[in-house]
>>> print(open('start.txt').read())   # compact mmCIF, C-alpha atoms and all ligand atoms
# COMPACT_ATOMS: atom_id res chain seq x y z
CA MET I 43 -107.85 60.49 89.59
CA PRO I 44 -107.70 60.85 93.35
CA VAL I 45 -108.25 58.00 95.82
CA HIS I 46 -111.87 57.74 96.97
CA PHE I 47 -112.32 56.77 100.57
CA SER I 48 -115.40 55.92 102.58
CA ASN I 49 -116.07 54.37 105.93
CA ALA I 50 -119.04 53.03 107.86
CA PRO I 51 -119.53 52.31 111.56
CA GLY I 52 -120.38 49.10 113.36
CA LYS I 53 -123.69 48.71 115.16
CA ILE I 54 -125.32 47.05 118.11
CA ILE I 55 -128.93 46.01 118.42
CA LEU I 56 -130.26 47.19 121.79
CA PHE I 57 -133.67 45.53 121.59
CA GLY I 58 -135.66 43.32 119.24
CA GLU I 59 -133.26 41.07 117.31
CA HIS I 60 -134.80 37.98 115.71
CA ALA I 61 -138.37 39.27 116.23
CA VAL I 62 -137.44 42.07 113.80
CA VAL I 63 -137.06 39.46 111.05
CA TYR I 64 -140.81 38.74 111.48
CA GLY I 65 -141.88 42.37 111.22
CA TYR I 66 -141.70 43.39 114.90
CA PRO I 67 -139.90 46.59 115.91
CA ALA I 68 -136.28 46.75 117.04
CA ILE I 69 -133.81 49.41 118.15
CA ALA I 70 -130.20 49.67 117.01
CA ILE I 71 -127.45 52.25 117.39
CA PRO I 72 -124.24 52.89 115.44
CA VAL I 73 -120.92 52.21 117.14
CA ALA I 74 -118.50 54.82 115.84
CA GLN I 75 -115.40 53.29 117.48
CA LEU I 76 -115.59 50.43 115.00
CA LYS I 77 -115.21 51.11 111.30
CA ALA I 78 -115.17 49.39 107.96
CA ALA I 79 -113.31 51.33 105.27
CA ALA I 80 -113.07 51.13 101.50
CA ARG I 81 -110.59 52.90 99.23
CA VAL I 82 -110.76 53.08 95.47
CA ILE I 83 -107.18 53.51 94.30
CA PRO I 84 -106.80 54.18 90.55
CA SER I 85 -103.84 52.15 89.35
CA LEU I 86 -102.28 52.26 85.95
CA GLU I 87 -100.18 49.13 86.47
CA LEU I 88 -103.18 46.78 86.28
CA PRO I 89 -104.37 45.32 82.95
CA THR I 90 -107.20 47.23 81.22
CA GLY I 91 -110.61 46.72 82.80
CA THR I 92 -109.22 45.08 85.94
CA ILE I 93 -110.67 45.76 89.34
CA GLN I 94 -108.35 44.30 91.92
CA ILE I 95 -109.84 43.48 95.33
CA SER I 96 -107.57 43.67 98.33
CA ALA I 97 -109.02 42.65 101.71
CA PRO I 98 -106.04 41.54 103.80
CA GLN I 99 -108.09 40.60 106.88
CA ILE I 100 -109.83 37.83 104.98
CA ASN I 101 -106.75 37.00 102.86
CA LEU I 102 -108.38 38.15 99.67
CA LEU I 103 -106.20 39.58 96.91
CA ALA I 104 -107.72 38.82 93.52
CA PRO I 105 -109.25 40.41 90.46
CA LEU I 106 -113.02 40.94 90.78
CA SER I 107 -113.56 38.64 87.78
CA SER I 108 -112.25 35.68 89.79
CA VAL I 109 -114.28 36.32 92.96
CA PRO I 110 -117.58 34.37 93.10
CA GLY I 111 -120.65 36.55 92.56
CA ASN I 112 -122.15 35.63 95.92
CA HIS I 113 -119.06 36.74 97.82
CA PRO I 114 -120.22 39.74 99.88
CA ILE I 115 -117.40 42.02 98.67
CA ALA I 116 -117.92 41.07 95.02
CA ALA I 117 -121.68 41.50 95.40
CA ALA I 118 -121.20 44.99 96.85
CA VAL I 119 -118.79 45.98 94.07
CA ARG I 120 -121.10 44.67 91.35
CA ILE I 121 -124.20 46.40 92.71
CA ALA I 122 -122.22 49.66 92.92
CA LEU I 123 -121.00 49.26 89.31
CA ASP I 124 -124.54 48.45 88.15
CA THR I 125 -125.83 51.57 89.91
CA VAL I 126 -123.36 53.86 88.17
CA GLN I 127 -123.85 51.86 84.95
CA ALA I 128 -120.12 51.50 84.47
CA VAL I 129 -119.92 49.64 81.17
CA HIS I 130 -116.16 50.07 80.98
CA PRO I 131 -115.03 50.44 84.56
CA PRO I 132 -111.71 52.20 84.96
CA VAL I 133 -108.81 50.25 86.36
CA PHE I 134 -108.59 50.42 90.13
CA THR I 135 -107.72 48.57 93.29
CA LEU I 136 -110.44 48.37 95.91
CA GLN I 137 -108.89 48.12 99.33
CA VAL I 138 -111.18 46.95 102.13
CA THR I 139 -110.28 47.03 105.81
CA SER I 140 -112.34 46.79 108.97
CA THR I 141 -111.99 46.94 112.74
CA ILE I 142 -115.45 45.43 113.21
CA PRO I 143 -115.21 41.84 114.43
CA ILE I 144 -116.60 39.39 111.85
CA SER I 145 -119.61 37.19 112.77
CA ALA I 146 -119.94 38.89 116.13
CA GLY I 147 -123.31 40.62 115.76
CA MET I 148 -121.79 44.04 115.15
CA GLY I 149 -122.83 44.64 111.57
CA SER I 150 -119.50 43.86 109.95
CA SER I 151 -120.99 42.70 106.64
CA ALA I 152 -123.39 45.63 106.24
CA ALA I 153 -120.66 48.13 107.16
CA VAL I 154 -118.19 46.67 104.65
CA THR I 155 -120.89 46.66 101.97
CA ILE I 156 -121.86 50.27 102.68
CA ALA I 157 -118.26 51.51 102.71
CA ILE I 158 -117.67 49.80 99.34
CA ILE I 159 -120.86 51.10 97.71
CA ARG I 160 -120.15 54.66 98.91
CA ALA I 161 -116.51 54.62 97.79
CA ILE I 162 -117.23 53.23 94.32
CA THR I 163 -120.32 55.32 93.56
CA SER I 164 -118.57 58.51 94.69
CA TYR I 165 -115.54 57.55 92.56
CA PHE I 166 -117.90 57.59 89.57
CA GLY I 167 -119.33 60.94 90.69
CA HIS I 168 -122.68 59.56 91.90
CA LEU I 169 -123.63 60.96 95.28
CA LEU I 170 -126.30 58.64 96.63
CA SER I 171 -128.52 59.43 99.61
CA SER I 172 -128.19 57.35 102.79
CA GLU I 173 -131.53 55.78 101.95
CA GLU I 174 -130.36 54.76 98.48
CA ILE I 175 -127.16 53.31 99.95
CA SER I 176 -129.19 51.45 102.58
CA ASN I 177 -131.47 49.94 99.94
CA LEU I 178 -128.53 48.75 97.84
CA ALA I 179 -126.84 47.27 100.91
CA PHE I 180 -130.07 45.44 101.75
CA GLU I 181 -129.89 43.65 98.39
CA VAL I 182 -126.33 42.54 99.19
CA GLU I 183 -127.37 41.47 102.71
CA LYS I 184 -130.01 39.22 101.15
CA ILE I 185 -127.32 37.35 99.24
CA GLN I 186 -125.36 36.78 102.42
CA HIS I 187 -128.01 36.35 105.11
CA GLY I 188 -131.03 34.99 103.29
CA THR I 189 -133.80 36.88 105.09
CA PRO I 190 -132.26 39.95 106.71
CA SER I 191 -134.67 42.25 108.52
CA GLY I 192 -133.08 45.41 107.10
CA ILE I 193 -132.09 46.90 110.45
CA ASP I 194 -128.31 46.62 109.92
CA ASN I 195 -128.20 48.41 106.56
CA ASN I 196 -130.47 51.17 107.89
CA VAL I 197 -128.65 51.95 111.15
CA ILE I 198 -125.25 51.81 109.45
CA ALA I 199 -126.14 53.78 106.30
CA HIS I 200 -127.82 56.55 108.31
CA GLN I 201 -125.33 56.41 111.21
CA LYS I 202 -128.09 57.29 113.66
CA PRO I 203 -129.99 55.42 116.37
CA VAL I 204 -133.04 53.86 114.76
CA TYR I 205 -136.38 52.41 115.75
CA TYR I 206 -136.95 50.03 112.88
CA GLN I 207 -139.95 48.03 111.80
CA ALA I 208 -140.10 46.58 108.31
CA GLY I 209 -142.85 48.17 106.25
CA ASN I 210 -143.03 51.32 108.42
CA PRO I 211 -141.15 54.57 107.84
CA LEU I 212 -137.76 54.49 109.54
CA GLU I 213 -137.72 56.45 112.82
CA PHE I 214 -134.58 58.14 114.10
CA LEU I 215 -134.39 58.45 117.88
CA HIS I 216 -133.62 61.96 119.10
CA ILE I 217 -131.80 61.19 122.30
CA GLU I 218 -132.24 63.69 125.13
CA GLN I 219 -130.22 62.00 127.86
CA PRO I 220 -127.05 60.04 127.02
CA THR I 221 -126.66 56.38 128.02
CA HIS I 222 -123.47 54.30 128.32
CA TRP I 223 -123.19 50.82 126.94
CA VAL I 224 -120.52 48.26 127.70
CA ILE I 225 -119.91 45.76 124.90
CA ALA I 226 -118.14 42.47 125.58
CA ASP I 227 -117.19 39.85 123.02
CA THR I 228 -117.35 36.13 123.83
CA GLY I 229 -114.78 35.64 121.08
CA ILE I 230 -117.06 32.99 119.60
CA LYS I 231 -118.00 33.39 115.95
CA ALA I 232 -121.57 32.52 115.12
CA SER I 233 -123.44 32.62 111.84
CA THR I 234 -126.51 34.86 111.89
CA ARG I 235 -127.81 32.94 108.90
CA GLU I 236 -127.82 29.78 111.04
CA THR I 237 -129.39 31.29 114.15
CA VAL I 238 -132.10 32.93 112.03
CA ALA I 239 -132.73 29.57 110.30
CA ASP I 240 -132.93 27.77 113.68
CA VAL I 241 -135.43 30.30 115.01
CA ARG I 242 -137.47 29.75 111.86
CA LYS I 243 -137.53 26.00 112.56
CA LEU I 244 -138.80 26.66 116.09
CA TYR I 245 -141.44 28.98 114.66
CA GLN I 246 -142.55 26.39 112.12
CA VAL I 247 -142.92 23.74 114.84
CA ASP I 248 -144.89 25.92 117.27
CA GLN I 249 -146.10 29.12 115.64
CA LYS I 250 -148.36 30.07 118.54
CA THR I 251 -145.72 30.00 121.26
CA ILE I 252 -142.98 31.57 119.17
CA SER I 253 -145.33 34.30 117.92
CA GLU I 254 -146.03 35.10 121.58
CA VAL I 255 -142.29 35.42 122.21
CA PHE I 256 -141.92 37.72 119.17
CA THR I 257 -144.89 39.80 120.29
CA ALA I 258 -143.37 40.18 123.77
CA ILE I 259 -140.02 41.20 122.25
CA GLY I 260 -141.77 43.71 119.97
CA LYS I 261 -143.51 45.25 123.01
CA ILE I 262 -140.15 45.58 124.75
CA SER I 263 -138.76 47.55 121.78
CA THR I 264 -141.83 49.77 121.77
CA ASN I 265 -141.55 50.43 125.53
CA ALA I 266 -137.80 50.94 125.38
CA ARG I 267 -138.07 53.63 122.70
CA GLN I 268 -139.08 56.51 125.00
CA HIS I 269 -136.96 55.28 127.94
CA LEU I 270 -133.94 55.36 125.66
CA ILE I 271 -134.70 58.91 124.59
CA ASN I 272 -135.04 59.88 128.28
CA GLY I 273 -132.05 57.79 129.39
CA ASP I 274 -134.08 55.96 132.07
CA LEU I 275 -131.59 53.36 133.33
CA THR I 276 -133.93 51.45 135.63
CA GLN I 277 -136.64 50.92 133.02
CA LEU I 278 -134.13 50.16 130.26
CA GLY I 279 -132.23 47.74 132.49
CA ASP I 280 -135.39 45.75 133.26
CA LEU I 281 -136.32 45.67 129.58
CA LEU I 282 -132.84 44.42 128.62
CA ASN I 283 -133.12 41.60 131.14
CA GLU I 284 -136.60 40.64 129.94
CA ASN I 285 -135.41 40.72 126.33
CA GLN I 286 -132.52 38.39 127.24
CA GLN I 287 -134.94 35.87 128.79
CA LEU I 288 -137.02 35.86 125.62
CA LEU I 289 -133.92 35.38 123.46
CA GLU I 290 -133.03 32.41 125.66
CA ARG I 291 -136.44 30.96 124.84
CA LEU I 292 -135.55 31.32 121.16
CA THR I 293 -132.41 29.23 121.96
CA VAL I 294 -130.04 31.86 120.61
CA SER I 295 -128.17 32.50 123.83
CA SER I 296 -125.31 30.25 124.95
CA GLN I 297 -123.41 29.36 128.11
CA GLU I 298 -120.75 31.94 127.33
CA LEU I 299 -123.26 34.70 126.59
CA ASP I 300 -125.28 33.84 129.72
CA ALA I 301 -122.11 33.94 131.81
CA LEU I 302 -121.10 37.40 130.56
CA VAL I 303 -124.65 38.70 131.04
CA LYS I 304 -124.58 37.51 134.67
CA ILE I 305 -121.14 38.98 135.30
CA ALA I 306 -122.21 42.38 133.93
CA ARG I 307 -125.31 42.43 136.11
CA ALA I 308 -123.40 41.34 139.21
CA ALA I 309 -120.84 44.10 138.57
CA GLY I 310 -123.56 46.73 138.65
CA ALA I 311 -125.06 46.95 135.15
CA ALA I 312 -128.65 48.19 135.07
CA GLY I 313 -129.36 45.30 132.68
CA ALA I 314 -127.65 43.15 130.08
CA LYS I 315 -128.43 40.92 127.11
CA LEU I 316 -126.87 39.35 124.06
CA SER I 317 -126.88 41.52 120.96
CA GLY I 318 -127.29 40.41 117.34
CA GLY I 319 -127.78 36.90 116.05
CA GLY I 320 -126.57 35.20 119.26
CA ARG I 321 -124.89 31.84 120.11
CA GLY I 322 -121.67 33.85 120.12
CA GLY I 323 -120.62 37.41 119.47
CA ASN I 324 -121.34 40.12 121.98
CA ILE I 325 -123.33 41.04 125.01
CA ILE I 326 -124.31 44.61 125.80
CA ALA I 327 -124.74 46.02 129.29
CA LEU I 328 -126.23 49.33 130.31
CA ALA I 329 -124.05 51.15 132.81
CA SER I 330 -124.26 54.31 134.85
CA PRO I 331 -121.09 56.35 134.13
CA GLY I 332 -119.64 55.58 137.58
CA LYS I 333 -119.86 51.82 137.02
CA ILE I 334 -118.44 51.48 133.51
CA GLU I 335 -114.92 50.66 134.66
CA GLN I 336 -115.91 48.05 137.21
CA ILE I 337 -118.23 46.33 134.74
CA GLN I 338 -115.51 46.32 132.07
CA ALA I 339 -112.97 44.91 134.53
CA ALA I 340 -115.34 42.15 135.67
CA LEU I 341 -116.09 41.16 132.07
CA HIS I 342 -112.38 41.02 131.23
CA GLU I 343 -111.76 38.87 134.27
CA GLY I 344 -114.72 36.68 133.33
CA GLY I 345 -113.09 35.77 130.02
CA ALA I 346 -114.46 38.29 127.54
CA ARG I 347 -112.10 38.63 124.57
CA GLN I 348 -112.66 42.30 123.98
CA VAL I 349 -114.48 44.83 126.13
CA PHE I 350 -115.19 48.47 125.40
CA SER I 351 -117.86 51.03 126.00
CA THR I 352 -119.78 53.38 123.78
CA ILE I 353 -121.98 56.33 124.50
CA LEU I 354 -125.37 56.97 122.96
CA ASN I 355 -125.23 60.71 122.86
CA LYS I 356 -127.76 63.46 122.48
CA GLY I 357 -128.98 63.87 118.93
CA ARG I 358 -127.36 66.69 117.01
CA ASP I 359 -130.18 67.38 114.58
O1 LIG Z 1 -125.76 39.24 114.00
P1 LIG Z 1 -126.15 40.50 113.29
O2 LIG Z 1 -125.38 41.70 113.66
O3 LIG Z 1 -126.20 40.32 111.81
O4 LIG Z 1 -127.65 40.83 113.76
C1 LIG Z 1 -128.67 39.93 113.46
C2 LIG Z 1 -129.98 40.45 113.87
C3 LIG Z 1 -131.14 39.51 113.53
O5 LIG Z 1 -132.34 40.14 113.98
C4 LIG Z 1 -130.99 38.18 114.23
C5 LIG Z 1 -131.23 39.25 112.03
C6 LIG Z 1 -131.73 40.44 111.22
O6 LIG Z 1 -131.64 40.36 110.00
O7 LIG Z 1 -132.22 41.43 111.80
>>> encode(input="start.txt", output="structure tokens")
Amino acid sequence: MPVHFSNAPGKIILFGEHAVVYGYPAIAIPVAQLKAAARVIPSLELPTGTIQISAPQINLLAPLSSVPGNHPIAAAVRIALDTVQAVHPPVFTLQVTSTIPISAGMGSSAAVTIAIIRAITSYFGHLLSSEEISNLAFEVEKIQHGTPSGIDNNVIAHQKPVYYQAGNPLEFLHIEQPTHWVIADTGIKASTRETVADVRKLYQVDQKTISEVFTAIGKISTNARQHLINGDLTQLGDLLNENQQLLERLTVSSQELDALVKIARAAGAAGAKLSGGGRGGNIIALASPGKIEQIQAALHEGGARQVFSTILNKGRD
């Protein structure tokens, strides 16, 4: 049997993280430069019934049977096998690689999960829709993150910019005017599970105030939706900056994130904020095309570990 290969992009959240966990809207876009990949390689050398997992970046080389069930890779493999109802799975090696930084707010876990589910289900001849893949990945995300909002699995499975609100139909954004985004990594790893849990503690202590913060963040996502379609830098820049202030009130920013946000703004970004769970990971900055290089250079100089830019292009459908 031939090798089955699948990949999935990274993502950044432009607006609405954390509030999205409580049912408010958020906007996220795929980042095609970053990829997780999964290969199903049939191998006759392995003992009957063995699925060997090889994920060199996390030093994992072991048979599936010895990987704990709550390990994200094992969980993704098992849900894929359950979906295809593989009672006697053929012998194969699953090779997992990724260029998406781990614990950096760029959707690494959802992308790895989606690449695995796609590769295994297609190996068994099951062609699932993006929505089906997204729903399966959501189940795996729950094992890893506790209470994920569902935005990561949706933006990554569909590979399109999304306006997402739990309980509402998913909206794809049909971009009319491209925008350029600079992404800079603090190099600090932070657990989304922990930041989400800390925000929940804040919420439990003072529901009124924190609900107001969530409501304000939700309004920002709603306002940003059309400005993003139109590519309105001034409006989007202001909304990014407001969103950052609100995330600071949720205590999910950090000195390092604040510093990079300031540097990006001083270097000419229309606006900047942290992206994802926070306390580490990345900032995003909105840049006019003529300023991308100077913003990237300033962020490098200011200590960012990795800096690159991505374009949110016109929709093709
Ligand atoms: O850090 P990431 O890429 O997993 O993004 C987390 C976004 C949150 O809104 C904080 C959590 C969620 O499930 O949406």
>>> atom_distance(input="start.txt", atom1="atom CA of I:Ser48", atom2="atom CA of I:Pro132")
18.4 Å
>>> closest_residue(input="start.txt", among="I:Asp300, I:Glu343, I:Glu236, I:Glu218", to="ligand LIG 1 (chain Z)", atoms="only C-alpha atoms and all ligand atoms")
I:Glu236
>>> axis_aligned_box(input="start.txt", around="ligand LIG 1 (chain Z)", padding_each_side="3 Å", output="lines of an AutoDock Vina configuration file")
center_x = -128.9
center_y = 39.9
center_z = 112.1
size_x = 13.0
size_y = 9.5
size_z = 10.2
>>> atom_distance(input="start.txt", atom1="atom CA of I:Gly323", atom2="atom CA of I:Arg267")
24.0 Å
>>> closest_residue(input="start.txt", among="I:Lys77, I:Lys231, I:Lys202, I:Lys304", to="ligand LIG 1 (chain Z)", atoms="only C-alpha atoms and all ligand atoms")
I:Lys231
>>> closest_residue(input="start.txt", among="I:Ala309, I:Leu123, I:Leu244, I:Ala70", to="ligand LIG 1 (chain Z)", atoms="all atoms listed in the file")
I:Ala70
>>> closest_residue(input="start.txt", among="I:Leu288, I:Gly279, I:Gly52, I:Gln268", to="I:Thr251", atoms="all atoms listed in the file")
I:Leu288
>>> atom_distance(input="start.txt", atom1="atom CA of I:Val73", atom2="atom CA of I:His200")
12.0 Å
>>> residues_near_ligand(input="start.txt", ligand="ligand LIG 1 (chain Z)", cutoff="10 Å", atoms="only C-alpha atoms and all ligand atoms", output="number ranges by chain")
I: 52-55, 57-66, 68, 70, 144-152, 180, 183-184, 187-195, 206, 231-239, 241, 294, 317-324
>>> residues_around(input="start.txt", residues="I:Val204", least_positions_apart="3", cutoff="7 Å", atoms="only C-alpha atoms", output="number ranges by chain")
I: 69-71, 197, 213-215
>>> residues_around(input="start.txt", residues="stretch 97-108 of chain I", least_positions_apart="6", cutoff="12 Å", atoms="only C-alpha atoms", output="PyMOL selection string")
chain I and resi 78-81+88-91+114-120+123+131+133-144+154+158
>>> residues_around(input="start.txt", residues="stretch 164-178 of chain I", least_positions_apart="6", cutoff="7 Å", atoms="all atoms listed in the file", output="PyMOL selection string")
chain I and resi 46+126+156+195-196+199-200
>>> closest_residue(input="start.txt", among="I:Ser85, I:Asn49, I:Ser295, I:Thr257", to="I:Gln201", atoms="all atoms listed in the file")
I:Asn49
>>> closest_residue(input="start.txt", among="I:Thr92, I:Ile83, I:Pro203, I:Pro110", to="I:Ile162", atoms="all atoms listed in the file")
I:Ile83
>>> residues_around(input="start.txt", residues="I:Gly313", least_positions_apart="6", cutoff="7 Å", atoms="only C-alpha atoms", output="count of residues only")
7
>>> residues_around(input="start.txt", residues="I:Glu298", least_positions_apart="3", cutoff="8 Å", atoms="all atoms listed in the file", output="number ranges by chain")
I: 228, 301-302, 322
>>> build_atoms(input="start.txt", residues="stretch 308-326 of chain I", atoms="N, CA, C and O atoms", output="short mmCIF file (atom, residue, chain, number, x, y, z; two decimals), keeping the file's coordinate frame")
data_model
loop_
_atom_site.label_atom_id
_atom_site.label_comp_id
_atom_site.auth_asym_id
_atom_site.auth_seq_id
_atom_site.Cartn_x
_atom_site.Cartn_y
_atom_site.Cartn_z
N ALA I 308 -123.96 41.42 137.85
CA ALA I 308 -123.40 41.34 139.21
C ALA I 308 -122.44 42.50 139.47
O ALA I 308 -122.28 42.95 140.61
N ALA I 309 -121.81 43.00 138.40
CA ALA I 309 -120.84 44.10 138.57
C ALA I 309 -121.52 45.47 138.57
O ALA I 309 -120.85 46.49 138.60
N GLY I 310 -122.86 45.46 138.49
CA GLY I 310 -123.56 46.73 138.65
C GLY I 310 -124.27 47.27 137.43
O GLY I 310 -124.79 48.40 137.46
N ALA I 311 -124.33 46.46 136.34
CA ALA I 311 -125.06 46.95 135.15
C ALA I 311 -126.55 47.05 135.47
O ALA I 311 -127.09 46.23 136.23
N ALA I 312 -127.20 48.03 134.88
CA ALA I 312 -128.65 48.19 135.07
C ALA I 312 -129.39 47.02 134.41
O ALA I 312 -130.50 46.66 134.81
N GLY I 313 -128.77 46.43 133.40
CA GLY I 313 -129.36 45.30 132.68
C GLY I 313 -128.38 44.86 131.61
O GLY I 313 -127.46 45.61 131.26
N ALA I 314 -128.58 43.64 131.11
CA ALA I 314 -127.65 43.15 130.08
C ALA I 314 -128.35 42.08 129.24
O ALA I 314 -129.26 41.41 129.71
N LYS I 315 -127.89 41.94 128.02
CA LYS I 315 -128.43 40.92 127.11
C LYS I 315 -127.43 40.64 125.99
O LYS I 315 -126.51 41.45 125.78
N LEU I 316 -127.66 39.57 125.28
CA LEU I 316 -126.87 39.35 124.06
C LEU I 316 -127.32 40.37 123.02
O LEU I 316 -128.41 40.95 123.14
N SER I 317 -126.50 40.57 122.01
CA SER I 317 -126.88 41.52 120.96
C SER I 317 -126.55 40.92 119.60
O SER I 317 -125.45 40.40 119.39
N GLY I 318 -127.52 40.95 118.69
CA GLY I 318 -127.29 40.41 117.34
C GLY I 318 -127.86 39.01 117.22
O GLY I 318 -128.80 38.63 117.94
N GLY I 319 -127.27 38.23 116.35
CA GLY I 319 -127.78 36.90 116.05
C GLY I 319 -127.71 35.93 117.22
O GLY I 319 -128.54 35.03 117.37
N GLY I 320 -126.69 36.07 118.08
CA GLY I 320 -126.57 35.20 119.26
C GLY I 320 -125.71 33.97 119.04
O GLY I 320 -125.06 33.84 118.01
N ARG I 321 -125.72 33.07 120.05
CA ARG I 321 -124.89 31.84 120.11
C ARG I 321 -123.40 32.15 120.16
O ARG I 321 -122.58 31.24 120.25
N GLY I 322 -123.06 33.39 120.07
CA GLY I 322 -121.67 33.85 120.12
C GLY I 322 -121.73 35.35 119.98
O GLY I 322 -122.79 35.94 120.18
N GLY I 323 -120.62 35.96 119.63
CA GLY I 323 -120.62 37.41 119.47
C GLY I 323 -120.69 38.11 120.81
O GLY I 323 -120.11 37.64 121.80
N ASN I 324 -121.45 39.19 120.85
CA ASN I 324 -121.34 40.12 121.98
C ASN I 324 -122.55 40.15 122.90
O ASN I 324 -123.65 39.82 122.51
N ILE I 325 -122.25 40.60 124.13
CA ILE I 325 -123.33 41.04 125.01
C ILE I 325 -123.22 42.56 125.13
O ILE I 325 -122.15 43.13 124.90
N ILE I 326 -124.34 43.18 125.48
CA ILE I 326 -124.31 44.61 125.80
C ILE I 326 -124.84 44.78 127.21
O ILE I 326 -125.71 44.03 127.66
#
